[in-house]
file my_file.txt (compact mmCIF, C-alpha atoms (C1' of nucleotides))
# COMPACT_ATOMS: atom_id res chain seq x y z
CA MET A 1 251.52 90.35 237.33
CA GLN A 2 253.53 92.78 239.37
CA PHE A 3 256.69 94.81 239.10
CA THR A 4 259.29 93.38 241.48
CA LYS A 5 261.22 95.31 244.12
CA ALA A 6 264.47 94.47 242.37
CA GLU A 7 263.21 96.09 239.18
CA GLU A 8 261.89 99.07 241.07
CA TYR A 9 265.06 99.62 243.08
CA GLY A 10 267.23 99.13 240.02
CA ILE A 11 265.47 101.83 238.04
CA LEU A 12 265.36 104.22 240.98
CA GLY A 13 269.05 103.61 241.58
CA VAL A 14 270.21 104.44 238.08
CA LEU A 15 267.83 107.39 237.97
CA TYR A 16 269.63 108.72 241.02
CA LEU A 17 272.87 108.59 239.04
CA VAL A 18 271.17 110.36 236.15
CA ALA A 19 269.92 113.06 238.49
CA LYS A 20 273.47 113.63 239.69
CA GLY A 21 274.36 114.25 236.08
CA GLY A 22 277.50 113.42 234.18
CA THR A 23 279.68 110.60 235.34
CA ALA A 24 279.87 111.23 239.07
CA VAL A 25 281.04 108.14 240.95
CA THR A 26 278.59 107.50 243.74
CA PRO A 27 278.81 104.95 246.55
CA LEU A 28 275.89 102.66 247.18
CA SER A 29 275.54 103.97 250.70
CA GLU A 30 274.57 107.36 249.33
CA ILE A 31 272.03 106.00 246.84
CA ALA A 32 270.56 103.61 249.37
CA GLU A 33 270.11 106.30 251.97
CA ALA A 34 268.71 108.90 249.59
CA ARG A 35 266.17 106.57 248.05
CA GLU A 36 265.52 104.42 251.11
CA ILE A 37 266.63 101.14 249.60
CA PRO A 38 268.23 98.26 251.58
CA GLU A 39 271.90 98.70 250.78
CA LYS A 40 272.89 95.06 250.45
CA PHE A 41 269.98 94.39 248.17
CA LEU A 42 270.94 97.34 246.03
CA ALA A 43 274.50 96.01 245.90
CA LYS A 44 273.28 92.79 244.38
CA ILE A 45 271.24 94.64 241.80
CA PHE A 46 274.10 96.94 240.84
CA GLN A 47 276.41 93.99 240.45
CA SER A 48 274.06 92.72 237.77
CA LEU A 49 274.00 96.13 236.17
CA ALA A 50 277.79 96.23 236.21
CA ARG A 51 277.99 92.81 234.54
CA PHE A 52 275.76 94.07 231.76
CA GLY A 53 277.76 97.21 231.28
CA ILE A 54 275.03 99.58 232.39
CA VAL A 55 277.17 100.95 235.18
CA ARG A 56 280.84 100.69 236.07
CA SER A 57 282.15 100.05 239.56
CA TYR A 58 285.04 101.73 241.30
CA ARG A 59 286.50 100.30 244.50
CA GLY A 60 288.21 101.93 247.39
CA VAL A 61 287.86 105.31 248.98
CA ARG A 62 285.64 107.59 246.93
CA GLY A 63 284.64 104.57 244.89
CA GLY A 64 281.13 103.62 243.90
CA PHE A 65 279.19 103.32 240.68
CA ALA A 66 278.78 105.50 237.62
CA LEU A 67 276.89 105.15 234.36
CA THR A 68 279.03 103.88 231.51
CA ARG A 69 277.14 105.73 228.81
CA ASN A 70 275.01 108.74 228.20
CA PRO A 71 271.57 108.25 229.79
CA ALA A 72 270.04 108.88 226.38
CA GLU A 73 271.70 105.69 225.16
CA ILE A 74 270.36 103.47 227.93
CA THR A 75 266.82 102.19 227.56
CA VAL A 76 264.64 101.15 230.46
CA MET A 77 264.43 97.74 228.84
CA ALA A 78 268.19 97.30 229.05
CA VAL A 79 268.13 97.98 232.77
CA LEU A 80 265.24 95.60 233.37
CA GLU A 81 266.81 92.80 231.39
CA ALA A 82 270.09 93.23 233.23
CA ILE A 83 268.23 92.77 236.49
CA GLN A 84 265.73 90.08 235.60
CA GLY A 85 267.05 88.37 232.54
CA PRO A 86 264.90 87.88 229.46
CA TYR A 87 261.43 89.14 230.00
CA HIS A 88 258.45 86.84 229.68
CA LEU A 89 254.94 86.69 231.03
CA LEU A 90 254.63 82.91 230.73
CA ARG A 91 257.26 80.21 230.92
CA CYS A 92 255.98 78.65 227.72
CA ILE A 93 256.83 81.75 225.72
CA PRO A 94 260.59 81.30 225.74
CA ASP A 95 260.31 77.55 226.27
CA PRO A 96 257.62 76.02 224.05
CA ASP A 97 258.28 72.59 225.54
CA HIS A 98 257.17 73.81 228.93
CA CYS A 99 253.66 72.61 228.29
CA ASP A 100 252.42 70.22 225.67
CA ASN A 101 250.23 72.30 223.44
CA THR A 102 251.86 75.69 223.08
CA ASP A 103 251.17 75.55 219.39
CA ARG A 104 247.45 75.53 220.03
CA CYS A 105 247.22 77.86 223.01
CA ALA A 106 245.30 81.06 222.41
CA LEU A 107 246.35 82.44 225.75
CA ARG A 108 249.98 82.17 224.77
CA ASP A 109 249.26 83.99 221.53
CA LEU A 110 247.53 86.80 223.36
CA LEU A 111 250.27 87.19 225.91
CA MET A 112 252.85 87.37 223.17
CA VAL A 113 250.96 90.35 221.81
CA VAL A 114 250.81 91.95 225.24
CA GLU A 115 254.47 91.29 225.83
CA LYS A 116 255.42 92.84 222.54
CA GLY A 117 253.68 96.08 223.43
CA LEU A 118 255.25 96.08 226.82
CA VAL A 119 258.77 95.59 225.49
CA GLU A 120 258.26 98.28 222.89
CA THR A 121 257.31 100.76 225.56
CA PHE A 122 260.28 99.91 227.73
CA GLU A 123 262.60 100.12 224.74
CA SER A 124 261.30 103.45 223.58
CA HIS A 125 262.08 105.20 226.84
CA THR A 126 265.62 105.99 227.89
CA LEU A 127 266.97 106.97 231.26
CA ALA A 128 267.39 110.48 229.88
CA ASP A 129 263.65 110.62 229.22
CA LEU A 130 262.80 109.63 232.75
CA GLY A 131 265.43 111.99 234.08
CA GLU A 132 263.78 114.84 232.27
CA TRP A 133 260.38 113.92 233.60
CA GLU A 134 261.76 114.05 237.09
CA HIS A 135 263.59 117.26 236.43
CA ALA A 136 260.41 118.86 235.16
CA LYS A 137 258.79 117.92 238.42
CA GLY A 138 261.58 119.37 240.50
CA VAL A 139 263.13 116.19 241.84
CA THR A 140 266.34 116.85 243.68
CA VAL A 141 269.25 114.50 244.14
CA ILE A 142 268.97 114.30 247.88
CA MET B 1 256.46 90.65 236.24
CA GLN B 2 254.78 87.36 235.55
CA PHE B 3 251.36 86.02 234.75
CA THR B 4 250.06 84.06 237.74
CA LYS B 5 248.76 80.51 237.69
CA ALA B 6 245.36 81.70 238.88
CA GLU B 7 245.10 84.03 235.88
CA GLU B 8 246.30 81.31 233.54
CA TYR B 9 243.92 78.66 234.89
CA GLY B 10 241.03 81.09 234.92
CA ILE B 11 241.40 81.97 231.27
CA LEU B 12 241.95 78.36 230.24
CA GLY B 13 238.91 77.34 232.25
CA VAL B 14 236.51 79.78 230.64
CA LEU B 15 237.99 79.04 227.23
CA TYR B 16 237.06 75.43 227.81
CA LEU B 17 233.47 76.53 228.30
CA VAL B 18 233.69 78.59 225.15
CA ALA B 19 235.01 75.60 223.23
CA LYS B 20 232.02 73.56 224.38
CA GLY B 21 229.88 76.24 222.83
CA GLY B 22 226.54 77.60 223.91
CA THR B 23 225.57 77.42 227.50
CA ALA B 24 226.47 73.86 228.43
CA VAL B 25 226.69 73.39 232.19
CA THR B 26 230.03 71.76 232.92
CA PRO B 27 231.33 70.43 236.23
CA LEU B 28 234.72 71.52 237.47
CA SER B 29 235.92 67.94 237.50
CA GLU B 30 235.60 67.80 233.73
CA ILE B 31 237.40 71.09 233.12
CA ALA B 32 240.11 70.26 235.63
CA GLU B 33 240.80 66.89 234.09
CA ALA B 34 240.69 68.08 230.49
CA ARG B 35 243.06 70.98 231.07
CA GLU B 36 245.14 69.42 233.83
CA ILE B 37 244.33 72.01 236.47
CA PRO B 38 244.14 71.23 240.23
CA GLU B 39 240.42 70.98 240.82
CA LYS B 40 240.24 72.70 244.21
CA PHE B 41 242.30 75.59 242.95
CA LEU B 42 240.05 75.92 239.94
CA ALA B 43 237.05 75.90 242.27
CA LYS B 44 238.38 78.92 244.10
CA ILE B 45 238.95 80.75 240.84
CA PHE B 46 235.51 79.94 239.47
CA GLN B 47 233.90 81.13 242.67
CA SER B 48 235.43 84.52 241.99
CA LEU B 49 234.21 84.40 238.42
CA ALA B 50 230.72 83.53 239.64
CA ARG B 51 230.72 86.45 242.06
CA PHE B 52 231.57 88.77 239.18
CA GLY B 53 228.88 87.36 236.98
CA ILE B 54 231.23 85.92 234.40
CA VAL B 55 229.91 82.42 234.97
CA ARG B 56 226.91 81.02 236.79
CA SER B 57 227.03 78.01 239.06
CA TYR B 58 224.58 75.14 239.25
CA ARG B 59 224.63 72.70 242.15
CA GLY B 60 223.60 69.12 242.37
CA VAL B 61 223.70 66.29 239.93
CA ARG B 62 224.59 67.47 236.44
CA GLY B 63 225.48 70.80 237.95
CA GLY B 64 228.58 72.82 237.22
CA PHE B 65 229.37 76.15 235.61
CA ALA B 66 228.25 77.92 232.48
CA LEU B 67 228.98 81.30 230.93
CA THR B 68 226.35 83.90 231.72
CA ARG B 69 226.78 85.80 228.50
CA ASN B 70 227.87 85.41 224.94
CA PRO B 71 231.67 84.96 224.75
CA ALA B 72 231.81 87.96 222.43
CA GLU B 73 230.57 90.10 225.31
CA ILE B 74 233.20 88.99 227.80
CA THR B 75 236.61 90.62 227.57
CA VAL B 76 239.79 89.01 228.79
CA MET B 77 240.20 92.01 231.08
CA ALA B 78 236.89 91.24 232.80
CA VAL B 79 238.04 87.72 233.56
CA LEU B 80 241.41 88.86 234.87
CA GLU B 81 239.92 91.53 237.10
CA ALA B 82 237.44 89.05 238.52
CA ILE B 83 240.33 86.81 239.48
CA GLN B 84 242.90 89.30 240.65
CA GLY B 85 241.03 92.45 241.45
CA PRO B 86 242.09 95.80 240.02
CA TYR B 87 245.19 95.47 237.96
CA HIS B 88 248.30 97.39 238.88
CA LEU B 89 252.00 97.02 238.34
CA LEU B 90 252.99 99.04 241.40
CA ARG B 91 251.20 99.52 244.69
CA CYS B 92 251.64 103.27 244.44
CA ILE B 93 249.54 103.42 241.28
CA PRO B 94 246.18 102.81 242.94
CA ASP B 95 247.38 104.10 246.30
CA PRO B 96 249.41 107.31 245.92
CA ASP B 97 250.02 107.41 249.64
CA HIS B 98 251.94 104.18 249.48
CA CYS B 99 255.20 106.02 249.12
CA ASP B 100 255.93 109.63 249.84
CA ASN B 101 256.74 111.10 246.46
CA THR B 102 254.44 109.53 243.94
CA ASP B 103 253.83 112.93 242.45
CA ARG B 104 257.46 113.17 241.47
CA CYS B 105 258.22 109.60 240.48
CA ALA B 106 259.12 109.09 236.84
CA LEU B 107 258.98 105.32 237.22
CA ARG B 108 255.38 105.51 238.31
CA ASP B 109 254.58 107.67 235.29
CA LEU B 110 256.20 105.18 232.94
CA LEU B 111 254.45 102.21 234.46
CA MET B 112 251.13 103.97 234.14
CA VAL B 113 251.79 104.22 230.43
CA VAL B 114 252.74 100.56 230.24
CA GLU B 115 249.72 99.57 232.24
CA LYS B 116 247.42 101.53 230.00
CA GLY B 117 248.63 99.69 226.93
CA LEU B 118 248.31 96.40 228.72
CA VAL B 119 244.75 97.05 229.82
CA GLU B 120 243.77 98.20 226.34
CA THR B 121 245.01 94.96 224.85
CA PHE B 122 243.17 92.86 227.39
CA GLU B 123 240.01 94.86 226.88
CA SER B 124 240.08 94.64 223.12
CA HIS B 125 240.08 90.86 223.09
CA THR B 126 237.00 88.86 224.00
CA LEU B 127 236.66 85.21 224.83
CA ALA B 128 235.06 84.74 221.43
CA ASP B 129 238.25 86.03 219.81
CA LEU B 130 240.42 83.59 221.68
CA GLY B 131 237.94 80.82 221.02
CA GLU B 132 238.23 81.45 217.32
CA TRP B 133 242.00 81.41 217.46
CA GLU B 134 241.86 78.04 219.11
CA HIS B 135 239.24 76.79 216.71
CA ALA B 136 241.40 77.80 213.77
CA LYS B 137 244.19 75.74 215.27
CA GLY B 138 242.01 72.72 215.71
CA VAL B 139 241.72 72.68 219.48
CA THR B 140 239.22 70.08 220.66
CA VAL B 141 237.22 70.13 223.85
CA ILE B 142 238.75 67.05 225.32
C1' DT C 1 299.16 100.28 256.14
C1' DC C 2 294.70 101.59 257.06
C1' DG C 3 290.12 102.63 255.96
C1' DT C 4 286.78 102.46 252.46
C1' DT C 5 284.07 100.33 249.03
C1' DA C 6 282.80 96.73 245.94
C1' DT C 7 282.59 91.40 245.23
C1' DG C 8 280.79 87.00 245.68
C1' DC C 9 278.64 83.62 247.93
C1' DA C 10 275.96 81.73 251.64
C1' DA C 11 272.21 81.90 254.58
C1' DT C 12 267.95 83.60 256.19
C1' DT C 13 263.63 85.52 256.47
C1' DC C 14 259.31 86.33 254.71
C1' DA C 15 255.34 86.88 251.74
C1' DC C 16 252.43 85.03 248.73
C1' DG C 17 251.23 82.04 245.14
C1' DA C 18 249.63 77.43 244.87
C1' DA C 19 247.33 73.63 246.52
C1' DA C 20 244.75 70.55 249.61
C1' DG C 21 241.20 69.43 253.11
C1' DC C 22 236.86 69.39 255.09
C1' DA C 23 232.23 70.28 256.87
C1' DG C 24 228.12 72.03 255.02
C1' DA C 25 224.48 73.70 251.78
C1' DA C 26 221.95 73.25 247.65
C1' DG C 27 219.93 70.69 244.23
C1' DA C 28 218.65 66.78 241.10
C1' DA C 29 217.34 62.16 240.54
C1' DT C 30 215.04 58.10 242.01
C1' DA D 1 212.60 61.02 251.92
C1' DT D 2 216.96 59.51 250.67
C1' DT D 3 221.04 59.56 248.32
C1' DC D 4 224.41 61.18 245.46
C1' DT D 5 226.48 64.93 243.22
C1' DT D 6 228.40 69.34 242.98
C1' DC D 7 229.33 73.85 244.55
C1' DT D 8 230.47 76.89 248.91
C1' DG D 9 233.20 78.77 252.24
C1' DC D 10 236.16 78.42 255.17
C1' DT D 11 241.02 76.70 257.17
C1' DT D 12 245.38 75.01 256.66
C1' DT D 13 249.42 73.53 254.52
C1' DC D 14 253.11 73.60 251.24
C1' DG D 15 256.62 75.40 248.31
C1' DT D 16 258.85 78.72 245.78
C1' DG D 17 260.95 82.69 244.98
C1' DA D 18 261.34 87.44 246.35
C1' DA D 19 263.61 90.20 249.61
C1' DT D 20 267.03 90.74 252.86
C1' DT D 21 271.08 90.01 255.70
C1' DG D 22 275.85 88.43 256.78
C1' DC D 23 280.53 87.66 256.14
C1' DA D 24 284.98 86.87 254.33
C1' DT D 25 287.67 88.69 250.56
C1' DA D 26 289.57 91.63 247.04
C1' DA D 27 290.67 96.01 245.14
C1' DC D 28 291.87 100.68 245.61
C1' DG D 29 293.06 105.32 247.39
C1' DA D 30 295.12 108.12 250.84

call {"tool": "encode", "arguments": {"input": "my_file.txt", "output": "structure tokens"}}
result
Amino acid sequence: MQFTKAEEYGILGVLYLVAKGGTAVTPLSEIAEAREIPEKFLAKIFQSLARFGIVRSYRGVRGGFALTRNPAEITVMAVLEAIQGPYHLLRCIPDPDHCDNTDRCALRDLLMVVEKGLVETFESHTLADLGEWEHAKGVTVI
Amino acid sequence: MQFTKAEEYGILGVLYLVAKGGTAVTPLSEIAEAREIPEKFLAKIFQSLARFGIVRSYRGVRGGFALTRNPAEITVMAVLEAIQGPYHLLRCIPDPDHCDNTDRCALRDLLMVVEKGLVETFESHTLADLGEWEHAKGVTVI
DNA sequence: TCGTTATGCAATTCACGAAAGCAGAAGAAT
DNA sequence: ATTCTTCTGCTTTCGTGAATTGCATAACGA
């Protein structure tokens, strides 16, 4: 059970936008360089984020991406789901037909408990929260 | 972030032993067939469990594996750590030198919170607990 | 019209989870 | 002793999906 690079880069990317404050439109090249993320990979991730309305894209010179809402209104969970789709620890959780005795599986029950706690934590933290944590630690944009 | 097959098989394997009750020595072939797990893969997993003292192995005719302790004394966490080693969502959590600004990373802080909750849940459930859940649902050994 | 930036899809690389194979050791049964 | 069973400890293979790259195209501003 490990956090994926896509998830990691996605969060770091939007946090960069938060750190820049307001609604500054920022090109991927800048984010990628500042946070040392492969640019094309980041592009893919931000396209997902754009589809889910987390960020908005602007083309052309001085284009880039910007948050669509106030960071306080965007939960970490929303970002993760935009990147990875619905979040589940086992295939049989969303799809009970995946194996033949989901209704008797204690492991599935336990993981549903674990997953619930996990989702609650991700939902109870917004990008603004994380931004403040970083700010308190003196993180700079570049 | 997904539960691995090794983790899944490991838990299901020991739960099979729990369901058989007591300290019955059970060969891998039986467990593998009953729970539809690739036998050689299960062997690898149980070797780890044996090294960590979760189960004990017996060779020869009528050999196999048995739990070393009462299921109520074995937490799910113990089983998972035996299989996967120390549990971390990001490499930089156990190894702060993995990236160059772990001390300023809000994502790392958040994941440490998530991880804590996760570990607590796994530690607060024993194999006996899961065994009872299954029992209540009418799970049979074979 | 030109340069910049995102878009969308295709292709590729790569790591690791997952699984299989095999020779050998240990042990029980007879 | 011999034989059969079962674990042990490698080695190797396979497959999937993560991670990354590439390219042609579309949109947009200057």

call {"tool": "interface_residues", "arguments": {"input": "my_file.txt", "of": "chain B", "to": "chain C", "cutoff": "6 Å", "atoms": "all atoms listed in the file", "output": "JSON, numbers by chain"}}
result
{"B": [59, 60, 61]}

call {"tool": "calpha_fit_and_write", "arguments": {"input": "my_file.txt", "fixed": "chain B", "moving": "chain A", "output": "PDB file with C-alpha atoms, keeping the file's coordinate frame"}}
result
ATOM      1  CA  MET A   1     256.439  90.658 236.299  1.00  0.00           C
ATOM      2  CA  GLN A   2     254.750  87.373 235.618  1.00  0.00           C
ATOM      3  CA  PHE A   3     251.322  86.033 234.823  1.00  0.00           C
ATOM      4  CA  THR A   4     250.035  84.065 237.812  1.00  0.00           C
ATOM      5  CA  LYS A   5     248.726  80.500 237.759  1.00  0.00           C
ATOM      6  CA  ALA A   6     245.341  81.717 238.938  1.00  0.00           C
ATOM      7  CA  GLU A   7     245.087  84.023 235.937  1.00  0.00           C
ATOM      8  CA  GLU A   8     246.286  81.319 233.603  1.00  0.00           C
ATOM      9  CA  TYR A   9     243.927  78.662 234.932  1.00  0.00           C
ATOM     10  CA  GLY A  10     241.021  81.085 234.963  1.00  0.00           C
ATOM     11  CA  ILE A  11     241.397  81.960 231.302  1.00  0.00           C
ATOM     12  CA  LEU A  12     241.962  78.356 230.273  1.00  0.00           C
ATOM     13  CA  GLY A  13     238.905  77.336 232.264  1.00  0.00           C
ATOM     14  CA  VAL A  14     236.497  79.759 230.649  1.00  0.00           C
ATOM     15  CA  LEU A  15     238.010  79.028 227.250  1.00  0.00           C
ATOM     16  CA  TYR A  16     237.086  75.404 227.823  1.00  0.00           C
ATOM     17  CA  LEU A  17     233.481  76.503 228.299  1.00  0.00           C
ATOM     18  CA  VAL A  18     233.698  78.574 225.130  1.00  0.00           C
ATOM     19  CA  ALA A  19     235.043  75.590 223.229  1.00  0.00           C
ATOM     20  CA  LYS A  20     232.061  73.548 224.370  1.00  0.00           C
ATOM     21  CA  GLY A  21     229.909  76.218 222.806  1.00  0.00           C
ATOM     22  CA  GLY A  22     226.572  77.583 223.884  1.00  0.00           C
ATOM     23  CA  THR A  23     225.564  77.387 227.489  1.00  0.00           C
ATOM     24  CA  ALA A  24     226.496  73.825 228.377  1.00  0.00           C
ATOM     25  CA  VAL A  25     226.713  73.336 232.141  1.00  0.00           C
ATOM     26  CA  THR A  26     230.028  71.714 232.896  1.00  0.00           C
ATOM     27  CA  PRO A  27     231.311  70.373 236.214  1.00  0.00           C
ATOM     28  CA  LEU A  28     234.694  71.467 237.448  1.00  0.00           C
ATOM     29  CA  SER A  29     235.905  67.895 237.488  1.00  0.00           C
ATOM     30  CA  GLU A  30     235.610  67.764 233.719  1.00  0.00           C
ATOM     31  CA  ILE A  31     237.406  71.070 233.128  1.00  0.00           C
ATOM     32  CA  ALA A  32     240.112  70.255 235.635  1.00  0.00           C
ATOM     33  CA  GLU A  33     240.811  66.882 234.107  1.00  0.00           C
ATOM     34  CA  ALA A  34     240.745  68.074 230.507  1.00  0.00           C
ATOM     35  CA  ARG A  35     243.066  70.990 231.106  1.00  0.00           C
ATOM     36  CA  GLU A  36     245.144  69.435 233.876  1.00  0.00           C
ATOM     37  CA  ILE A  37     244.328  71.988 236.539  1.00  0.00           C
ATOM     38  CA  PRO A  38     244.139  71.228 240.302  1.00  0.00           C
ATOM     39  CA  GLU A  39     240.408  70.956 240.861  1.00  0.00           C
ATOM     40  CA  LYS A  40     240.173  72.671 244.229  1.00  0.00           C
ATOM     41  CA  PHE A  41     242.230  75.562 242.993  1.00  0.00           C
ATOM     42  CA  LEU A  42     240.001  75.893 239.972  1.00  0.00           C
ATOM     43  CA  ALA A  43     236.976  75.858 242.275  1.00  0.00           C
ATOM     44  CA  LYS A  44     238.283  78.881 244.098  1.00  0.00           C
ATOM     45  CA  ILE A  45     238.899  80.717 240.859  1.00  0.00           C
ATOM     46  CA  PHE A  46     235.459  79.918 239.475  1.00  0.00           C
ATOM     47  CA  GLN A  47     233.843  81.099 242.667  1.00  0.00           C
ATOM     48  CA  SER A  48     235.382  84.489 241.992  1.00  0.00           C
ATOM     49  CA  LEU A  49     234.170  84.359 238.427  1.00  0.00           C
ATOM     50  CA  ALA A  50     230.683  83.485 239.631  1.00  0.00           C
ATOM     51  CA  ARG A  51     230.680  86.431 242.050  1.00  0.00           C
ATOM     52  CA  PHE A  52     231.530  88.746 239.185  1.00  0.00           C
ATOM     53  CA  GLY A  53     228.858  87.332 236.959  1.00  0.00           C
ATOM     54  CA  ILE A  54     231.224  85.875 234.394  1.00  0.00           C
ATOM     55  CA  VAL A  55     229.893  82.388 234.952  1.00  0.00           C
ATOM     56  CA  ARG A  56     226.876  80.964 236.739  1.00  0.00           C
ATOM     57  CA  SER A  57     226.973  77.946 239.018  1.00  0.00           C
ATOM     58  CA  TYR A  58     224.537  75.075 239.173  1.00  0.00           C
ATOM     59  CA  ARG A  59     224.570  72.632 242.080  1.00  0.00           C
ATOM     60  CA  GLY A  60     223.611  69.032 242.305  1.00  0.00           C
ATOM     61  CA  VAL A  61     223.734  66.205 239.841  1.00  0.00           C
ATOM     62  CA  ARG A  62     224.598  67.426 236.363  1.00  0.00           C
ATOM     63  CA  GLY A  63     225.488  70.764 237.896  1.00  0.00           C
ATOM     64  CA  GLY A  64     228.585  72.786 237.174  1.00  0.00           C
ATOM     65  CA  PHE A  65     229.359  76.124 235.598  1.00  0.00           C
ATOM     66  CA  ALA A  66     228.247  77.887 232.445  1.00  0.00           C
ATOM     67  CA  LEU A  67     228.973  81.272 230.915  1.00  0.00           C
ATOM     68  CA  THR A  68     226.333  83.869 231.689  1.00  0.00           C
ATOM     69  CA  ARG A  69     226.771  85.778 228.456  1.00  0.00           C
ATOM     70  CA  ASN A  70     227.875  85.401 224.906  1.00  0.00           C
ATOM     71  CA  PRO A  71     231.668  84.961 224.757  1.00  0.00           C
ATOM     72  CA  ALA A  72     231.802  87.960 222.443  1.00  0.00           C
ATOM     73  CA  GLU A  73     230.559  90.105 225.319  1.00  0.00           C
ATOM     74  CA  ILE A  74     233.189  88.978 227.810  1.00  0.00           C
ATOM     75  CA  THR A  75     236.591  90.616 227.593  1.00  0.00           C
ATOM     76  CA  VAL A  76     239.782  89.022 228.826  1.00  0.00           C
ATOM     77  CA  MET A  77     240.170  92.005 231.117  1.00  0.00           C
ATOM     78  CA  ALA A  78     236.882  91.233 232.841  1.00  0.00           C
ATOM     79  CA  VAL A  79     238.029  87.710 233.598  1.00  0.00           C
ATOM     80  CA  LEU A  80     241.395  88.864 234.910  1.00  0.00           C
ATOM     81  CA  GLU A  81     239.897  91.512 237.138  1.00  0.00           C
ATOM     82  CA  ALA A  82     237.406  89.034 238.545  1.00  0.00           C
ATOM     83  CA  ILE A  83     240.298  86.800 239.516  1.00  0.00           C
ATOM     84  CA  GLN A  84     242.876  89.305 240.680  1.00  0.00           C
ATOM     85  CA  GLY A  85     241.013  92.454 241.482  1.00  0.00           C
ATOM     86  CA  PRO A  86     242.068  95.800 240.051  1.00  0.00           C
ATOM     87  CA  TYR A  87     245.162  95.491 237.990  1.00  0.00           C
ATOM     88  CA  HIS A  88     248.286  97.427 238.863  1.00  0.00           C
ATOM     89  CA  LEU A  89     251.990  97.057 238.308  1.00  0.00           C
ATOM     90  CA  LEU A  90     252.989  99.082 241.371  1.00  0.00           C
ATOM     91  CA  ARG A  91     251.219  99.579 244.666  1.00  0.00           C
ATOM     92  CA  CYS A  92     251.665 103.327 244.412  1.00  0.00           C
ATOM     93  CA  ILE A  93     249.551 103.493 241.276  1.00  0.00           C
ATOM     94  CA  PRO A  94     246.203 102.890 242.939  1.00  0.00           C
ATOM     95  CA  ASP A  95     247.444 104.174 246.290  1.00  0.00           C
ATOM     96  CA  PRO A  96     249.504 107.353 245.896  1.00  0.00           C
ATOM     97  CA  ASP A  97     250.132 107.462 249.639  1.00  0.00           C
ATOM     98  CA  HIS A  98     252.017 104.202 249.454  1.00  0.00           C
ATOM     99  CA  CYS A  99     255.285 106.033 249.077  1.00  0.00           C
ATOM    100  CA  ASP A 100     256.066 109.642 249.769  1.00  0.00           C
ATOM    101  CA  ASN A 101     256.886 111.102 246.409  1.00  0.00           C
ATOM    102  CA  THR A 102     254.540 109.550 243.887  1.00  0.00           C
ATOM    103  CA  ASP A 103     253.975 112.962 242.420  1.00  0.00           C
ATOM    104  CA  ARG A 104     257.608 113.194 241.420  1.00  0.00           C
ATOM    105  CA  CYS A 105     258.309 109.608 240.418  1.00  0.00           C
ATOM    106  CA  ALA A 106     259.183 109.093 236.777  1.00  0.00           C
ATOM    107  CA  LEU A 107     259.034 105.352 237.161  1.00  0.00           C
ATOM    108  CA  ARG A 108     255.433 105.564 238.257  1.00  0.00           C
ATOM    109  CA  ASP A 109     254.624 107.711 235.246  1.00  0.00           C
ATOM    110  CA  LEU A 110     256.216 105.221 232.900  1.00  0.00           C
ATOM    111  CA  LEU A 111     254.466 102.257 234.421  1.00  0.00           C
ATOM    112  CA  MET A 112     251.146 104.015 234.126  1.00  0.00           C
ATOM    113  CA  VAL A 113     251.787 104.253 230.407  1.00  0.00           C
ATOM    114  CA  VAL A 114     252.722 100.587 230.230  1.00  0.00           C
ATOM    115  CA  GLU A 115     249.700  99.604 232.251  1.00  0.00           C
ATOM    116  CA  LYS A 116     247.399 101.566 230.017  1.00  0.00           C
ATOM    117  CA  GLY A 117     248.596  99.701 226.950  1.00  0.00           C
ATOM    118  CA  LEU A 118     248.283  96.429 228.724  1.00  0.00           C
ATOM    119  CA  VAL A 119     244.714  97.066 229.845  1.00  0.00           C
ATOM    120  CA  GLU A 120     243.737  98.222 226.386  1.00  0.00           C
ATOM    121  CA  THR A 121     244.964  94.988 224.897  1.00  0.00           C
ATOM    122  CA  PHE A 122     243.143  92.863 227.431  1.00  0.00           C
ATOM    123  CA  GLU A 123     239.973  94.880 226.931  1.00  0.00           C
ATOM    124  CA  SER A 124     240.063  94.663 223.180  1.00  0.00           C
ATOM    125  CA  HIS A 125     240.055  90.882 223.123  1.00  0.00           C
ATOM    126  CA  THR A 126     236.985  88.873 224.016  1.00  0.00           C
ATOM    127  CA  LEU A 127     236.656  85.224 224.859  1.00  0.00           C
ATOM    128  CA  ALA A 128     235.056  84.757 221.450  1.00  0.00           C
ATOM    129  CA  ASP A 129     238.239  86.050 219.827  1.00  0.00           C
ATOM    130  CA  LEU A 130     240.408  83.608 221.697  1.00  0.00           C
ATOM    131  CA  GLY A 131     237.928  80.841 221.024  1.00  0.00           C
ATOM    132  CA  GLU A 132     238.227  81.478 217.333  1.00  0.00           C
ATOM    133  CA  TRP A 133     241.989  81.449 217.475  1.00  0.00           C
ATOM    134  CA  GLU A 134     241.856  78.070 219.109  1.00  0.00           C
ATOM    135  CA  HIS A 135     239.265  76.817 216.700  1.00  0.00           C
ATOM    136  CA  ALA A 136     241.417  77.867 213.776  1.00  0.00           C
ATOM    137  CA  LYS A 137     244.192  75.798 215.243  1.00  0.00           C
ATOM    138  CA  GLY A 138     242.011  72.756 215.690  1.00  0.00           C
ATOM    139  CA  VAL A 139     241.718  72.697 219.461  1.00  0.00           C
ATOM    140  CA  THR A 140     239.242  70.130 220.645  1.00  0.00           C
ATOM    141  CA  VAL A 141     237.229  70.177 223.831  1.00  0.00           C
ATOM    142  CA  ILE A 142     238.774  67.077 225.285  1.00  0.00           C
TER     143      ILE A 142
END

call {"tool": "interface_residues", "arguments": {"input": "my_file.txt", "of": "chain A", "to": "chain D", "cutoff": "12 Å", "atoms": "all atoms listed in the file", "output": "list in words"}}
result
Gln2, Phe3, Thr4, Lys5, Ala6, Glu7, Tyr9, Ile37, Pro38, Glu39, Lys40, Phe41, Leu42, Ala43, Lys44, Ile45, Ser57, Tyr58, Arg59, Gly60, Val61, Arg62, Gly63, Gly64 and Gln84 of chain A
